[in-house]
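The file model00.cif contains mmCIF, C-alpha atoms:
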data_start
loop_
_atom_site.label_atom_id
_atom_site.label_comp_id
_atom_site.auth_asym_id
_atom_site.auth_seq_id
_atom_site.Cartn_x
_atom_site.Cartn_y
_atom_site.Cartn_z
CA MET A 1 -18.95 -50.44 -84.14
CA LYS A 2 -16.41 -51.14 -81.47
CA ASP A 3 -15.05 -48.78 -78.84
CA ILE A 4 -11.29 -48.98 -78.34
CA VAL A 5 -9.93 -48.51 -74.83
CA SER A 6 -6.15 -48.28 -75.42
CA TYR A 7 -3.39 -48.37 -78.03
CA SER A 8 -2.79 -52.07 -77.35
CA ASP A 9 -6.54 -52.71 -77.80
CA LEU A 10 -6.36 -50.89 -81.14
CA LYS A 11 -3.39 -52.99 -82.32
CA GLU A 12 -5.26 -56.18 -81.35
CA ASN A 13 -8.35 -55.14 -83.32
CA LEU A 14 -6.65 -54.11 -86.57
CA LYS A 15 -7.13 -57.02 -88.96
CA ASP A 16 -4.17 -58.09 -91.10
CA GLY A 17 -4.70 -57.94 -94.84
CA GLU A 18 -7.80 -55.74 -94.55
CA ARG A 19 -8.64 -52.06 -94.68
CA ASN A 20 -9.43 -50.85 -91.18
CA PHE A 21 -11.00 -47.56 -90.13
CA VAL A 22 -10.68 -45.84 -86.75
CA LEU A 23 -12.65 -42.72 -85.84
CA LEU A 24 -10.87 -40.49 -83.34
CA TYR A 25 -13.39 -38.11 -81.82
CA LYS A 26 -14.08 -36.10 -78.67
CA LYS A 27 -17.58 -36.61 -77.32
CA GLY A 28 -19.29 -33.26 -76.80
CA SER A 29 -17.39 -31.47 -79.58
CA LYS A 30 -19.74 -30.28 -82.34
CA GLN A 31 -17.57 -31.53 -85.23
CA SER A 32 -16.75 -34.81 -83.49
CA ASP A 33 -20.39 -35.49 -82.62
CA CYS A 34 -21.27 -34.74 -86.25
CA ALA A 35 -18.73 -37.27 -87.60
CA TYR A 36 -19.75 -39.89 -85.02
CA ASP A 37 -23.45 -39.45 -85.83
CA VAL A 38 -22.94 -39.54 -89.61
CA ILE A 39 -20.78 -42.68 -89.46
CA SER A 40 -23.04 -44.46 -86.96
CA LYS A 41 -26.05 -43.90 -89.29
CA LEU A 42 -24.36 -45.19 -92.47
CA LYS A 43 -26.31 -47.89 -94.26
CA ILE A 44 -23.26 -50.15 -94.54
CA ASP A 45 -21.64 -52.77 -92.32
CA LYS A 46 -20.09 -50.71 -89.53
CA SER A 47 -18.78 -53.67 -87.56
CA GLU A 48 -15.32 -52.99 -88.95
CA ILE A 49 -15.20 -49.36 -87.76
CA LEU A 50 -13.36 -48.76 -84.50
CA TYR A 51 -14.05 -45.73 -82.30
CA VAL A 52 -11.71 -43.86 -79.95
CA ASN A 53 -12.96 -41.08 -77.67
CA VAL A 54 -9.79 -39.04 -77.14
CA ALA A 55 -11.31 -37.44 -74.03
CA ASN A 56 -10.86 -40.82 -72.32
CA ILE A 57 -8.12 -42.51 -74.36
CA ARG A 58 -4.94 -40.46 -74.71
CA ASP A 59 -2.34 -42.94 -75.94
CA ILE A 60 -3.46 -43.33 -79.57
CA HIS A 61 -3.58 -39.99 -81.42
CA GLY A 62 0.02 -39.16 -80.55
CA LYS A 63 1.23 -42.41 -82.15
CA TYR A 64 -0.06 -41.21 -85.54
CA ALA A 65 0.65 -37.46 -85.14
CA ILE A 66 -3.06 -36.61 -85.09
CA THR A 67 -3.50 -33.05 -83.84
CA SER A 68 -7.22 -32.49 -84.42
CA VAL A 69 -10.44 -34.43 -84.14
CA PRO A 70 -12.58 -35.76 -85.61
CA SER A 71 -10.19 -37.76 -87.76
CA LEU A 72 -11.01 -40.99 -89.56
CA LEU A 73 -7.82 -43.03 -89.78
CA GLU A 74 -7.37 -45.59 -92.54
CA PHE A 75 -5.13 -48.61 -92.03
CA ASP A 76 -4.01 -51.37 -94.36
CA GLY A 77 -3.74 -54.14 -91.81
CA SER A 78 -1.83 -52.45 -89.00
CA ASP A 79 -0.08 -49.98 -91.33
CA PHE A 80 -1.40 -46.41 -91.02
CA LYS A 81 -2.26 -45.11 -94.50
CA ASN A 82 -4.34 -41.94 -94.32
CA ASN A 83 -6.15 -39.42 -92.14
CA TYR A 84 -9.49 -37.91 -93.19
CA LYS A 85 -10.17 -34.84 -91.04
CA GLY A 86 -13.43 -33.19 -90.11
CA CYS A 87 -17.08 -34.15 -90.40
CA GLN A 88 -17.92 -35.32 -93.92
CA SER A 89 -21.16 -36.32 -95.65
CA SER A 90 -22.60 -39.82 -95.42
CA GLU A 91 -21.92 -40.26 -99.15
CA TYR A 92 -18.25 -39.39 -98.65
CA TYR A 93 -17.81 -41.88 -95.80
CA THR A 94 -19.76 -44.60 -97.63
CA SER A 95 -17.63 -44.18 -100.76
CA LEU A 96 -14.45 -44.14 -98.73
CA ILE A 97 -15.28 -47.19 -96.64
CA GLU A 98 -16.70 -49.22 -99.51
CA ALA A 99 -13.74 -48.14 -101.68
CA SER A 100 -16.14 -47.36 -104.50
CA LEU A 101 -14.35 -44.20 -105.53
CA TYR A 102 -11.93 -44.45 -108.42
CA LYS A 103 -8.32 -44.66 -107.39
CA ALA A 104 -5.61 -43.99 -109.91
CA ASP A 105 -3.55 -47.10 -110.59
CA ILE A 106 -0.13 -45.59 -111.05
CA LYS A 107 1.50 -49.01 -111.49
CA ASP A 108 -0.09 -49.41 -114.93
CA LYS A 109 0.52 -45.85 -116.08
CA ASP A 110 3.55 -43.78 -116.88
CA THR A 111 4.02 -41.99 -113.56
CA SER A 112 5.69 -39.06 -115.32
CA ALA A 113 2.37 -38.32 -117.10
CA GLN A 114 0.83 -36.65 -114.05
CA LYS A 115 1.10 -32.88 -114.02
CA SER A 116 3.04 -31.40 -111.14
CA VAL A 117 0.71 -30.46 -108.29
CA THR A 118 1.52 -28.09 -105.44
CA VAL A 119 -1.00 -27.34 -102.71
CA TYR A 120 -0.58 -24.15 -100.69
CA SER A 121 -2.31 -24.54 -97.34
CA THR A 122 -2.34 -23.86 -93.61
CA PRO A 123 -2.94 -26.39 -90.81
CA THR A 124 -6.17 -24.71 -89.65
CA CYS A 125 -7.81 -24.47 -93.08
CA SER A 126 -10.69 -26.96 -93.40
CA TRP A 127 -10.97 -26.47 -97.18
CA CYS A 128 -7.25 -27.26 -97.47
CA THR A 129 -7.90 -30.58 -95.73
CA THR A 130 -10.86 -31.27 -98.03
CA LEU A 131 -8.70 -30.54 -101.08
CA LYS A 132 -5.87 -32.81 -99.89
CA ASN A 133 -8.32 -35.60 -99.03
CA HIS A 134 -9.75 -35.29 -102.56
CA LEU A 135 -6.29 -35.63 -104.12
CA ASN A 136 -5.45 -38.55 -101.82
CA MET A 137 -8.67 -40.35 -102.75
CA TYR A 138 -7.60 -40.34 -106.40
CA GLY A 139 -3.98 -41.24 -105.70
CA ILE A 140 -2.69 -37.87 -106.94
CA ARG A 141 0.86 -37.08 -105.84
CA TYR A 142 1.34 -33.51 -104.65
CA THR A 143 3.65 -31.25 -102.70
CA ASP A 144 2.00 -29.62 -99.68
CA ILE A 145 3.43 -26.23 -98.69
CA ASP A 146 2.37 -24.76 -95.35
CA ILE A 147 2.47 -21.02 -96.06
CA SER A 148 2.09 -20.20 -92.36
CA LYS A 149 5.64 -21.50 -91.88
CA ASN A 150 7.15 -20.52 -95.23
CA GLU A 151 6.96 -16.78 -95.95
CA SER A 152 8.85 -17.00 -99.25
CA ALA A 153 6.40 -19.64 -100.52
CA ALA A 154 3.48 -17.42 -99.46
CA LYS A 155 4.96 -14.52 -101.46
CA ALA A 156 5.56 -16.77 -104.48
CA MET A 157 1.96 -18.02 -104.26
CA MET A 158 0.66 -14.42 -104.15
CA ALA A 159 2.85 -13.48 -107.12
CA LYS A 160 1.40 -16.37 -109.17
CA SER A 161 -2.28 -15.88 -108.34
CA GLY A 162 -2.60 -12.36 -106.96
CA GLN A 163 -4.56 -13.86 -104.03
CA GLN A 164 -3.65 -14.42 -100.37
CA GLY A 165 -6.23 -17.00 -99.28
CA VAL A 166 -5.82 -20.75 -99.13
CA PRO A 167 -6.19 -23.35 -100.41
CA GLN A 168 -4.48 -22.62 -103.68
CA THR A 169 -3.32 -25.30 -106.06
CA ASP A 170 -0.70 -25.06 -108.79
CA ILE A 171 -1.45 -27.76 -111.38
CA GLY A 172 1.10 -27.75 -114.17
CA GLY A 173 1.59 -23.99 -113.82
CA GLU A 174 -2.12 -23.08 -113.60
CA MET A 175 -3.23 -21.61 -110.28
CA ILE A 176 -6.60 -22.55 -108.80
CA VAL A 177 -7.82 -20.45 -105.87
CA GLY A 178 -10.09 -22.30 -103.45
CA PHE A 179 -11.37 -25.84 -103.83
CA ASP A 180 -12.74 -25.80 -107.39
CA LYS A 181 -13.36 -29.53 -107.63
CA ASN A 182 -14.54 -29.50 -111.26
CA ARG A 183 -11.54 -27.51 -112.50
CA ILE A 184 -9.09 -29.64 -110.50
CA ASN A 185 -10.64 -32.85 -111.85
CA LEU A 186 -10.52 -31.50 -115.41
CA LEU A 187 -6.86 -30.48 -115.18
CA LEU A 188 -5.85 -33.80 -113.61
CA GLY A 189 -8.04 -35.97 -115.81
CA ILE A 190 -9.97 -37.53 -112.93
#

If you took the structure in this file and wrote it as structure tokens, what would it be?
Amino acid sequence: MKDIVSYSDLKENLKDGERNFVLLYKKGSKQSDCAYDVISKLKIDKSEILYVNVANIRDIHGKYAITSVPSLLEFDGSDFKNNYKGCQSSEYYTSLIEASLYKADIKDKDTSAQKSVTVYSTPTCSWCTTLKNHLNMYGIRYTDIDISKNESAAKAMMAKSGQQGVPQTDIGGEMIVGFDKNRINLLLGI
């Protein structure tokens, strides 16, 4: 575990040709302390995980358009790849960091075979983030529609499902209300 003190320090510590992880957190915040504690107690090599306390370091999160913490950033070398928001379980972080979860290899498959996926969400919805992280983990392409900024999309969503809440997912024309992981996996074949 290594604390990062600036954006230039971060760039120096990202290793080329490797997956790098950076936890952005705010010490004293319940969710941030949760993520920090869970990651620091993982039974894996944590020497590759970099930590940034945004209460002290303010020149990093803006570079990657991070608006909430905790956020675990994933890099391929120095290229920013993904943002995993919130405090997750130790199993989730272990699988993510060890890359033991299945990732769809779309290079070897007919990319047109995937059903169309549309996620209806809002920026403040934690289950929406969990749903999108799940899809990202499996390499599922999707369209994310923020219904807080798109009233016509919100009305269309309600017309399809009869429900107002988010997240909602349209998978090949079938609406799923909430994060029904088993149903989503079944429909997507993951």

I need the residue set behind the PyMOL selection byres ((chain A and resi 20) around 12) for this file; please write it as an NGL selection string.
:A and (1-2 or 10-19 or 21-23 or 46-51 or 72-83 or 96-99)

Export, as a PDB file, in the coordinates of the input, the selected residues with C-alpha atoms.
ATOM      1  CA  MET A   1     -18.950 -50.440 -84.140  1.00  0.00           C
ATOM      2  CA  LYS A   2     -16.410 -51.140 -81.470  1.00  0.00           C
ATOM      3  CA  LEU A  10      -6.360 -50.890 -81.140  1.00  0.00           C
ATOM      4  CA  LYS A  11      -3.390 -52.990 -82.320  1.00  0.00           C
ATOM      5  CA  GLU A  12      -5.260 -56.180 -81.350  1.00  0.00           C
ATOM      6  CA  ASN A  13      -8.350 -55.140 -83.320  1.00  0.00           C
ATOM      7  CA  LEU A  14      -6.650 -54.110 -86.570  1.00  0.00           C
ATOM      8  CA  LYS A  15      -7.130 -57.020 -88.960  1.00  0.00           C
ATOM      9  CA  ASP A  16      -4.170 -58.090 -91.100  1.00  0.00           C
ATOM     10  CA  GLY A  17      -4.700 -57.940 -94.840  1.00  0.00           C
ATOM     11  CA  GLU A  18      -7.800 -55.740 -94.550  1.00  0.00           C
ATOM     12  CA  ARG A  19      -8.640 -52.060 -94.680  1.00  0.00           C
ATOM     13  CA  PHE A  21     -11.000 -47.560 -90.130  1.00  0.00           C
ATOM     14  CA  VAL A  22     -10.680 -45.840 -86.750  1.00  0.00           C
ATOM     15  CA  LEU A  23     -12.650 -42.720 -85.840  1.00  0.00           C
ATOM     16  CA  LYS A  46     -20.090 -50.710 -89.530  1.00  0.00           C
ATOM     17  CA  SER A  47     -18.780 -53.670 -87.560  1.00  0.00           C
ATOM     18  CA  GLU A  48     -15.320 -52.990 -88.950  1.00  0.00           C
ATOM     19  CA  ILE A  49     -15.200 -49.360 -87.760  1.00  0.00           C
ATOM     20  CA  LEU A  50     -13.360 -48.760 -84.500  1.00  0.00           C
ATOM     21  CA  TYR A  51     -14.050 -45.730 -82.300  1.00  0.00           C
ATOM     22  CA  LEU A  72     -11.010 -40.990 -89.560  1.00  0.00           C
ATOM     23  CA  LEU A  73      -7.820 -43.030 -89.780  1.00  0.00           C
ATOM     24  CA  GLU A  74      -7.370 -45.590 -92.540  1.00  0.00           C
ATOM     25  CA  PHE A  75      -5.130 -48.610 -92.030  1.00  0.00           C
ATOM     26  CA  ASP A  76      -4.010 -51.370 -94.360  1.00  0.00           C
ATOM     27  CA  GLY A  77      -3.740 -54.140 -91.810  1.00  0.00           C
ATOM     28  CA  SER A  78      -1.830 -52.450 -89.000  1.00  0.00           C
ATOM     29  CA  ASP A  79      -0.080 -49.980 -91.330  1.00  0.00           C
ATOM     30  CA  PHE A  80      -1.400 -46.410 -91.020  1.00  0.00           C
ATOM     31  CA  LYS A  81      -2.260 -45.110 -94.500  1.00  0.00           C
ATOM     32  CA  ASN A  82      -4.340 -41.940 -94.320  1.00  0.00           C
ATOM     33  CA  ASN A  83      -6.150 -39.420 -92.140  1.00  0.00           C
ATOM     34  CA  LEU A  96     -14.450 -44.140 -98.730  1.00  0.00           C
ATOM     35  CA  ILE A  97     -15.280 -47.190 -96.640  1.00  0.00           C
ATOM     36  CA  GLU A  98     -16.700 -49.220 -99.510  1.00  0.00           C
ATOM     37  CA  ALA A  99     -13.740 -48.140-101.680  1.00  0.00           C
TER      38      ALA A  99
END

From the options A:Glu91, A:Asp146, A:Glu151, A:Asp37, which residue's atoms come nearest to Cys125 in chain A, counting all atoms listed in the file?
A:Asp146

Tell me which residues the PyMOL selection byres ((chain A and resi 31) around 8) grabs here, as a VMD selection string.
chain A and resid 29 to 30 32 to 35 69 to 70 86 to 87

Just say which residues the PyMOL selection byres ((chain A and resi 168) around 9) picks in this file, as a list of chain:residue names.
A:Thr118, A:Val119, A:Tyr120, A:Ser121, A:Cys128, A:Met157, A:Ser161, A:Gln163, A:Gln164, A:Gly165, A:Val166, A:Pro167, A:Thr169, A:Asp170, A:Met175, A:Ile176, A:Val177, A:Gly178, A:Phe179

Just need the box for range 121-135 of chain A, edges along x, y and z, holding every atom the file lists for it with 5 Å tacked onto each side, so centre and edge lengths in Å to one decimal, as lines of an AutoDock Vina configuration file.
center_x = -6.6
center_y = -29.7
center_z = -96.9
size_x = 18.7
size_y = 21.8
size_z = 24.5

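The gap separating CA of Tyr84 in chain A from CA of Asn182 in chain A is 20.6 Å, in Å to one decimal.
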
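The space between CA of Thr122 in chain A and CA of Ile190 in chain A spans 24.9 Å.
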
Two-atom distance - CA of Leu24 in chain A, CA of Ser40 in chain A (Å)
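Computing the Euclidean distance for CA of Leu24 in chain A and CA of Ser40 in chain A yields 13.3 Å.
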
Nearest to Leu187 in chain A by atom-to-atom distance, counting all atoms listed in the file, from A:Lys43, A:Lys160, A:His61, A:Lys115
A:Lys115
